[in-house]
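Structure data follow from run_29.cif (mmCIF, C-alpha atoms and all ligand atoms):
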```cif
data_structure
#
loop_
_atom_site.group_PDB
_atom_site.id
_atom_site.type_symbol
_atom_site.label_atom_id
_atom_site.label_comp_id
_atom_site.auth_asym_id
_atom_site.auth_seq_id
_atom_site.Cartn_x
_atom_site.Cartn_y
_atom_site.Cartn_z
ATOM 1 C CA SER A 1 126.154 196.687 146.067
ATOM 2 C CA ASP A 2 124.428 198.966 148.533
ATOM 3 C CA HIS A 3 123.739 196.514 151.368
ATOM 4 C CA ALA A 4 126.183 198.298 153.671
ATOM 5 C CA LEU A 5 124.674 201.741 153.212
ATOM 6 C CA ASP A 6 122.969 203.475 156.100
ATOM 7 C CA TYR A 7 119.956 205.573 155.297
ATOM 8 C CA PRO A 8 118.462 208.367 157.374
ATOM 9 C CA ALA A 9 115.043 207.507 158.747
ATOM 10 C CA SER A 10 113.662 210.768 157.309
ATOM 11 C CA PRO A 11 114.946 214.090 155.913
ATOM 12 C CA ASP A 12 114.894 215.474 159.465
ATOM 13 C CA ALA A 13 117.543 212.922 160.375
ATOM 14 C CA VAL A 14 119.980 214.100 157.667
ATOM 15 C CA ASP A 15 122.787 216.182 159.116
ATOM 16 C CA TRP A 16 122.518 218.993 156.575
ATOM 17 C CA ALA A 17 124.982 221.166 158.501
ATOM 18 C CA THR A 18 127.771 218.673 157.789
ATOM 19 C CA HIS A 19 127.036 218.912 154.095
ATOM 20 C CA TYR A 20 126.512 222.660 153.941
ATOM 21 C CA PRO A 21 128.402 224.133 156.900
ATOM 22 C CA ALA A 22 128.155 227.681 155.567
ATOM 23 C CA PHE A 23 124.378 227.389 155.649
ATOM 24 C CA ALA A 24 124.111 225.462 158.889
ATOM 25 C CA ALA A 25 121.783 228.019 160.413
ATOM 26 C CA SER A 26 119.343 228.116 157.510
ATOM 27 C CA GLY A 27 117.938 224.626 157.957
ATOM 28 C CA GLN A 28 117.117 224.480 154.260
ATOM 29 C CA THR A 29 117.189 221.282 152.285
ATOM 30 C CA PRO A 30 118.476 220.975 148.694
ATOM 31 C CA ALA A 31 116.606 222.277 145.678
ATOM 32 C CA PHE A 32 118.540 220.458 142.931
ATOM 33 C CA ALA A 33 119.337 216.739 142.934
ATOM 34 C CA ASP A 34 121.533 214.976 140.392
ATOM 35 C CA VAL A 35 120.736 211.267 140.437
ATOM 36 C CA GLY A 36 123.692 209.082 139.434
ATOM 37 C CA CYS A 37 125.919 212.125 139.274
ATOM 38 C CA GLY A 38 129.064 210.220 138.288
ATOM 39 C CA PHE A 39 132.057 212.537 138.637
ATOM 40 C CA GLY A 40 129.897 215.514 139.559
ATOM 41 C CA GLY A 41 130.383 217.775 136.509
ATOM 42 C CA LEU A 42 126.798 219.023 136.366
ATOM 43 C CA LEU A 43 126.428 220.414 139.853
ATOM 44 C CA ILE A 44 129.996 221.655 140.001
ATOM 45 C CA ALA A 45 129.153 223.685 136.893
ATOM 46 C CA LEU A 46 125.837 224.888 138.333
ATOM 47 C CA ALA A 47 126.854 225.588 141.942
ATOM 48 C CA PRO A 48 128.635 228.896 141.223
ATOM 49 C CA LEU A 49 125.802 230.035 138.951
ATOM 50 C CA TYR A 50 123.251 229.737 141.746
ATOM 51 C CA PRO A 51 125.326 230.416 144.866
ATOM 52 C CA ASP A 52 122.526 231.589 147.054
ATOM 53 C CA THR A 53 120.005 233.034 144.715
ATOM 54 C CA LEU A 54 116.308 232.651 145.029
ATOM 55 C CA MET A 55 115.412 230.120 142.391
ATOM 56 C CA LEU A 56 112.036 228.938 141.264
ATOM 57 C CA GLY A 57 110.474 229.737 144.556
ATOM 58 C CA ALA A 58 111.440 230.622 148.031
ATOM 59 C CA SER A 59 114.456 228.473 148.687
ATOM 60 C CA SER A 60 118.053 229.257 147.975
ATOM 61 C CA CYS A 61 119.820 226.674 145.987
ATOM 62 C CA ARG A 62 121.427 223.767 147.756
ATOM 63 C CA THR A 63 122.479 221.122 145.283
ATOM 64 C CA TRP A 64 122.919 217.469 145.991
ATOM 65 C CA CYS A 65 124.553 214.629 144.092
ATOM 66 C CA LEU A 66 123.631 210.990 144.588
ATOM 67 C CA GLU A 67 126.023 208.342 143.409
ATOM 68 C CA ILE A 68 126.142 204.663 144.256
ATOM 69 C CA ARG A 69 129.737 203.736 143.402
ATOM 70 C CA VAL A 70 132.172 204.015 146.322
ATOM 71 C CA GLN A 71 135.214 205.337 144.493
ATOM 72 C CA VAL A 72 133.196 207.692 142.323
ATOM 73 C CA SER A 73 131.307 209.248 145.238
ATOM 74 C CA GLN A 74 134.568 209.575 147.169
ATOM 75 C CA TYR A 75 136.113 211.315 144.170
ATOM 76 C CA VAL A 76 133.247 213.845 144.087
ATOM 77 C CA GLU A 77 133.494 214.403 147.839
ATOM 78 C CA ASP A 78 137.230 215.117 147.513
ATOM 79 C CA ARG A 79 136.634 217.318 144.488
ATOM 80 C CA ILE A 80 134.102 219.465 146.356
ATOM 81 C CA ALA A 81 136.351 219.668 149.438
ATOM 82 C CA ALA A 82 139.282 220.796 147.259
ATOM 83 C CA LEU A 83 137.175 223.434 145.500
ATOM 84 C CA ARG A 84 135.916 224.786 148.828
ATOM 85 C CA ALA A 85 139.441 224.889 150.244
ATOM 86 C CA THR A 86 140.821 226.680 147.182
ATOM 87 C CA CYS A 87 138.047 229.254 147.326
ATOM 88 C CA ALA A 88 138.509 229.804 151.038
ATOM 89 C CA ALA A 89 142.274 230.261 150.573
ATOM 90 C CA ALA A 90 141.769 232.645 147.648
ATOM 91 C CA ALA A 91 139.220 234.643 149.621
ATOM 92 C CA ALA A 92 141.574 234.871 152.598
ATOM 93 C CA ALA A 93 144.514 235.963 150.419
ATOM 94 C CA ALA A 94 142.614 238.560 148.446
ATOM 95 C CA PRO A 95 139.336 239.517 150.066
ATOM 96 C CA GLY A 96 136.844 240.662 147.471
ATOM 97 C CA ALA A 97 138.999 239.646 144.516
ATOM 98 C CA SER A 98 137.965 237.167 141.874
ATOM 99 C CA GLN A 99 138.819 233.580 142.685
ATOM 100 C CA THR A 100 138.710 232.547 139.081
ATOM 101 C CA ASP A 101 142.410 232.169 138.382
ATOM 102 C CA ALA A 102 143.179 230.075 141.429
ATOM 103 C CA LEU A 103 140.320 227.764 140.650
ATOM 104 C CA ALA A 104 140.751 227.429 136.925
ATOM 105 C CA ALA A 105 144.235 226.077 137.541
ATOM 106 C CA ASP A 106 142.898 223.346 139.802
ATOM 107 C CA ASP A 107 139.747 222.277 138.085
ATOM 108 C CA PRO A 108 139.090 222.792 134.399
ATOM 109 C CA ALA A 109 135.335 222.528 135.021
ATOM 110 C CA VAL A 110 135.508 225.914 136.680
ATOM 111 C CA SER A 111 135.729 228.800 134.303
ATOM 112 C CA SER A 112 133.930 232.026 134.836
ATOM 113 C CA THR A 113 133.173 232.452 138.496
ATOM 114 C CA ALA A 114 133.492 230.811 141.857
ATOM 115 C CA ALA A 115 130.749 232.760 143.548
ATOM 116 C CA GLY A 116 129.633 231.039 146.684
ATOM 117 C CA GLY A 117 132.832 229.058 147.129
ATOM 118 C CA TYR A 118 131.043 225.744 146.410
ATOM 119 C CA GLN A 119 129.402 225.849 149.818
ATOM 120 C CA ASN A 120 126.102 224.936 148.199
ATOM 121 C CA VAL A 121 127.058 221.610 146.619
ATOM 122 C CA SER A 122 127.398 218.257 148.323
ATOM 123 C CA ILE A 123 127.299 214.530 147.650
ATOM 124 C CA VAL A 124 125.998 211.446 149.331
ATOM 125 C CA ARG A 125 126.689 207.860 148.451
ATOM 126 C CA ALA A 126 123.257 206.327 148.115
ATOM 127 C CA ASN A 127 121.156 204.082 145.972
ATOM 128 C CA ALA A 128 118.750 206.557 144.432
ATOM 129 C CA MET A 129 116.341 203.774 143.551
ATOM 130 C CA LYS A 130 115.653 203.324 147.224
ATOM 131 C CA PHE A 131 114.804 205.776 149.968
ATOM 132 C CA LEU A 132 114.861 209.025 147.974
ATOM 133 C CA PRO A 133 112.070 210.347 150.249
ATOM 134 C CA ASN A 134 114.345 209.618 153.215
ATOM 135 C CA TYR A 135 116.588 212.441 152.005
ATOM 136 C CA PHE A 136 114.219 214.958 150.468
ATOM 137 C CA PRO A 137 111.082 216.317 152.096
ATOM 138 C CA LYS A 138 107.856 216.213 150.140
ATOM 139 C CA HIS A 139 107.726 218.871 147.391
ATOM 140 C CA SER A 140 111.190 220.213 148.231
ATOM 141 C CA LEU A 141 113.073 219.909 144.924
ATOM 142 C CA SER A 142 112.823 222.298 142.011
ATOM 143 C CA ALA A 143 114.999 220.178 139.698
ATOM 144 C CA LEU A 144 115.784 216.506 139.418
ATOM 145 C CA PHE A 145 118.432 215.390 136.914
ATOM 146 C CA PHE A 146 118.860 211.995 135.240
ATOM 147 C CA LEU A 147 121.797 212.558 132.923
ATOM 148 C CA PHE A 148 123.132 209.715 130.821
ATOM 149 C CA PRO A 149 121.761 207.058 133.174
ATOM 150 C CA ASP A 150 122.904 203.479 132.756
ATOM 151 C CA PRO A 151 120.925 202.070 129.798
ATOM 152 C CA HIS A 152 120.412 198.443 130.957
ATOM 153 C CA PHE A 153 119.863 197.278 127.398
ATOM 154 C CA LYS A 154 118.478 193.782 127.984
ATOM 155 C CA ILE A 155 114.719 193.552 128.429
ATOM 156 C CA ARG A 156 115.011 191.525 131.628
ATOM 157 C CA LYS A 157 117.188 194.357 132.982
ATOM 158 C CA HIS A 158 114.677 197.107 132.256
ATOM 159 C CA LYS A 159 113.400 196.984 135.816
ATOM 160 C CA ALA A 160 116.822 198.235 136.876
ATOM 161 C CA ARG A 161 116.297 201.457 134.916
ATOM 162 C CA ILE A 162 116.213 204.558 137.067
ATOM 163 C CA ILE A 163 113.015 205.794 135.408
ATOM 164 C CA SER A 164 110.170 203.363 136.006
ATOM 165 C CA PRO A 165 106.480 203.685 136.864
ATOM 166 C CA THR A 166 107.032 202.885 140.554
ATOM 167 C CA LEU A 167 109.932 205.265 140.955
ATOM 168 C CA LEU A 168 108.094 208.084 139.169
ATOM 169 C CA ALA A 169 105.686 208.273 142.104
ATOM 170 C CA GLU A 170 108.668 208.918 144.398
ATOM 171 C CA TYR A 171 110.096 211.538 142.061
ATOM 172 C CA ALA A 172 106.717 213.294 141.953
ATOM 173 C CA TYR A 173 106.612 213.223 145.756
ATOM 174 C CA VAL A 174 109.972 214.937 146.256
ATOM 175 C CA LEU A 175 109.505 217.477 143.439
ATOM 176 C CA ARG A 176 107.524 220.606 144.118
ATOM 177 C CA PRO A 177 104.696 221.396 141.714
ATOM 178 C CA GLY A 178 106.322 223.309 138.858
ATOM 179 C CA GLY A 179 109.624 221.474 139.415
ATOM 180 C CA ILE A 180 111.405 220.007 136.407
ATOM 181 C CA VAL A 181 112.752 216.545 135.604
ATOM 182 C CA TYR A 182 115.655 216.797 133.147
ATOM 183 C CA THR A 183 116.683 213.650 131.245
ATOM 184 C CA ILE A 184 119.346 213.266 128.596
ATOM 185 C CA THR A 185 120.915 210.179 127.016
ATOM 186 C CA ASP A 186 122.838 209.043 123.975
ATOM 187 C CA VAL A 187 120.804 205.812 123.808
ATOM 188 C CA ARG A 188 117.742 206.266 121.623
ATOM 189 C CA ASP A 189 115.861 203.324 123.113
ATOM 190 C CA LEU A 190 116.393 204.644 126.649
ATOM 191 C CA HIS A 191 115.248 208.113 125.562
ATOM 192 C CA ASP A 192 112.006 206.635 124.218
ATOM 193 C CA TRP A 193 111.582 204.614 127.413
ATOM 194 C CA MET A 194 112.067 207.592 129.750
ATOM 195 C CA ARG A 195 109.872 209.876 127.643
ATOM 196 C CA THR A 196 107.074 207.336 127.371
ATOM 197 C CA HIS A 197 106.964 206.533 131.072
ATOM 198 C CA LEU A 198 107.134 210.161 132.130
ATOM 199 C CA ALA A 199 104.440 211.150 129.616
ATOM 200 C CA GLU A 200 102.144 208.387 130.874
ATOM 201 C CA PHE A 201 102.490 209.386 134.494
ATOM 202 C CA PRO A 202 99.595 211.666 135.501
ATOM 203 C CA LEU A 203 101.713 214.108 137.531
ATOM 204 C CA PHE A 204 104.188 214.957 134.761
ATOM 205 C CA GLU A 205 103.724 216.835 131.531
ATOM 206 C CA PRO A 206 106.284 217.309 128.758
ATOM 207 C CA VAL A 207 107.869 220.722 128.450
ATOM 208 C CA GLU A 208 109.837 222.013 125.470
ATOM 209 C CA GLU A 209 113.416 223.156 125.850
ATOM 210 C CA ALA A 210 112.526 226.519 124.288
ATOM 211 C CA ASP A 211 109.835 227.118 126.922
ATOM 212 C CA LEU A 212 112.275 226.338 129.727
ATOM 213 C CA ARG A 213 114.819 228.714 128.188
ATOM 214 C CA ALA A 214 112.131 231.398 128.018
ATOM 215 C CA GLU A 215 111.626 230.879 131.764
ATOM 216 C CA GLY A 216 115.313 231.606 132.406
ATOM 217 C CA LYS A 217 116.494 228.020 132.731
ATOM 218 C CA GLY A 218 119.001 228.331 129.874
ATOM 219 C CA PRO A 219 122.086 227.996 132.109
ATOM 220 C CA ILE A 220 120.673 224.782 133.561
ATOM 221 C CA LEU A 221 119.996 223.382 130.088
ATOM 222 C CA ASP A 222 123.458 224.347 128.857
ATOM 223 C CA ALA A 223 124.955 222.446 131.793
ATOM 224 C CA VAL A 224 122.700 219.450 131.133
ATOM 225 C CA TRP A 225 123.859 219.325 127.495
ATOM 226 C CA ASN A 226 127.533 220.021 128.052
ATOM 227 C CA SER A 227 128.905 219.772 131.559
ATOM 228 C CA THR A 228 128.733 216.132 132.645
ATOM 229 C CA GLU A 229 131.671 213.812 132.123
ATOM 230 C CA GLU A 230 129.530 211.308 130.232
ATOM 231 C CA GLY A 231 128.085 214.056 128.041
ATOM 232 C CA LYS A 232 131.596 215.210 127.164
ATOM 233 C CA LYS A 233 132.550 211.671 126.225
ATOM 234 C CA VAL A 234 129.543 211.430 123.907
ATOM 235 C CA GLU A 235 130.577 214.765 122.416
ATOM 236 C CA ARG A 236 134.137 213.544 121.768
ATOM 237 C CA ASN A 237 132.773 210.415 120.102
ATOM 238 C CA LYS A 238 130.396 212.551 118.034
ATOM 239 C CA GLY A 239 127.405 210.655 119.395
ATOM 240 C CA ASP A 240 123.824 211.940 119.437
ATOM 241 C CA LYS A 241 122.172 213.281 122.576
ATOM 242 C CA TRP A 242 118.454 213.257 123.261
ATOM 243 C CA LEU A 243 116.935 215.580 125.845
ATOM 244 C CA ALA A 244 113.490 215.208 127.414
ATOM 245 C CA CYS A 245 112.123 217.486 130.137
ATOM 246 C CA PHE A 246 108.953 217.193 132.169
ATOM 247 C CA ARG A 247 107.166 219.462 134.579
ATOM 248 C CA ARG A 248 105.721 218.193 137.829
ATOM 249 C CA ILE A 249 102.136 219.428 137.777
ATOM 250 C CA GLU A 250 99.876 220.117 140.716
ATOM 251 C CA VAL A 251 96.713 218.349 139.691
ATOM 252 C CA PRO A 252 96.912 214.914 138.063
ATOM 253 C CA ARG A 253 95.982 214.896 134.389
ATOM 254 C CA GLU A 254 92.761 213.136 133.435
ATOM 255 C CA GLU A 255 93.422 209.782 131.760
HETATM 256 N N1 LIG B 301 125.348 211.569 135.196
HETATM 257 C C1 LIG B 301 126.770 211.328 135.041
HETATM 258 C C2 LIG B 301 127.278 211.923 133.759
HETATM 259 O O1 LIG B 301 126.446 212.293 132.925
HETATM 260 O O2 LIG B 301 128.504 212.007 133.597
HETATM 261 C C3 LIG B 301 127.126 209.838 135.151
HETATM 262 C C4 LIG B 301 126.535 208.934 134.125
HETATM 263 S S1 LIG B 301 126.994 207.230 134.392
HETATM 264 C C5 LIG B 301 126.684 206.480 132.858
HETATM 265 C C6 LIG B 301 125.660 206.638 135.435
HETATM 266 C C7 LIG B 301 125.988 206.791 136.903
HETATM 267 O O3 LIG B 301 124.857 206.446 137.696
HETATM 268 C C8 LIG B 301 127.123 205.905 137.358
HETATM 269 O O4 LIG B 301 128.097 206.695 137.978
HETATM 270 C C9 LIG B 301 126.453 204.929 138.331
HETATM 271 O O5 LIG B 301 127.316 204.509 139.368
HETATM 272 C C10 LIG B 301 125.297 205.754 138.854
HETATM 273 N N2 LIG B 301 124.154 204.978 139.345
HETATM 274 C C11 LIG B 301 123.585 203.906 138.733
HETATM 275 N N3 LIG B 301 122.550 203.464 139.451
HETATM 276 C C12 LIG B 301 122.442 204.264 140.549
HETATM 277 C C13 LIG B 301 121.580 204.304 141.674
HETATM 278 N N4 LIG B 301 120.603 203.403 141.816
HETATM 279 N N5 LIG B 301 121.763 205.269 142.594
HETATM 280 C C14 LIG B 301 122.756 206.174 142.460
HETATM 281 N N6 LIG B 301 123.611 206.192 141.415
HETATM 282 C C15 LIG B 301 123.465 205.248 140.479
#
```
When written as structure tokens, how does the structure in this file appear?
Ligand code: SAM
Amino acid sequence: SDHALDYPASPDAVDWATHYPAFAASGQTPAFADVGCGFGGLLIALAPLYPDTLMLGASSCRTWCLEIRVQVSQYVEDRIAALRATCAAAAAAAPGASQTDALAADDPAVSSTAAGGYQNVSIVRANAMKFLPNYFPKHSLSALFFLFPDPHFKIRKHKARIISPTLLAEYAYVLRPGGIVYTITDVRDLHDWMRTHLAEFPLFEPVEEADLRAEGKGPILDAVWNSTEEGKKVERNKGDKWLACFRRIEVPREE
């Protein structure tokens, strides 16, 4: 239940410096948001790949996980704090040296590089079906992820699905034109549901994986396919995965 959660009145009221102390002076808000991040595998994989690069526009890449479950969000918070501490210690011990070995021992999700020391990833416990615009300014996100969302199989439960016509208007509001919605699931019915609703919404258009890869978004897609804890479970069980991506367009499509 989320009745005890406090929400900021607006993005201006979010204390971004607490979340991203290394960037406190920049005043920038996140560019990537992982909705229902679970144990945080996606953004922990992506954070070192985009430590402070200019991505899809003018903003450097703050990443942000939203997760509703208390223990799970606490786990991600602790995981990020531990990664930051390990990086800081490694940097202090061997300035300029690679932090890879120290990190790989602590967290198997970390393999090739720890550039940026995980200063650009953070988590908030929040119900993403409410108040998303309280966190993200209009047109601020370049990527929004819905990876293996809860399927809510029963028809009377479909309104609890994280992709729905009402919520799509909020997602379009926080995404900048050109921004991408990434969805992936192992549940065929949910895949069809997400794809259909996104395709019907006038501010989104489908985009092929190959086109996104041609635009340089391959590392993001690889992480979407392979780096989340739920995705790894599906992999172990040899389940199918269905991906669907949509671009937030500037001018609504004609009906
Ligand atoms: N994306 C992760 C992955 O691929 O490993 C987790 C997938 S898990 C099946 C779905 C997650 O979404 C759960 O951790 C659940 O607590 C979270 N969740 C469900 N509804 C949510 C909501 N309204 N706001 C935020 N998180 C939510």
Could you tell me which residues the PyMOL selection byres (((not hetatm)) within 9 of (chain B and resi 301)) returns for this structure, as an MDAnalysis selection string? chainID A and resid 2 34:42 65:70 72:73 125:130 145:151 160:162 184:185 224 227:233
Have a look at atom CA of A:Leu221 and atom CA of A:Thr183 and let me know their distance in Å, one decimal. 10.3 Å
For a cutoff of 7 Å around the file-coordinate point (104.1, 219.2, 133.4), which residues qualify once you count only C-alpha atoms? I'd like the result as a VMD selection string. chain A and resid 203 to 207 246 to 249
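Put simply, atom CA of A:Pro252 is 10.7 Å away from atom CA of A:Ala172.
Rounded to one decimal, atom CA of A:Tyr118 and atom CA of A:Pro51 lie 7.5 Å from each other.
Of the residues under consideration (A:Tyr7, A:Trp16, A:Phe32, A:Trp64), A:Phe32 shows the shortest atom-to-atom contact distance to A:Gly179 when counting only C-alpha atoms.
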Give me the residues within 10 Å of A:Ser26 as a list of chain:residue names, counting only C-alpha atoms and dropping any in the same chain fewer than 4 places off.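 Using only C-alpha atoms, the neighbours found are A:Trp16, A:Ala17, A:Tyr20, A:Pro21, A:Ala22, A:Ser60.
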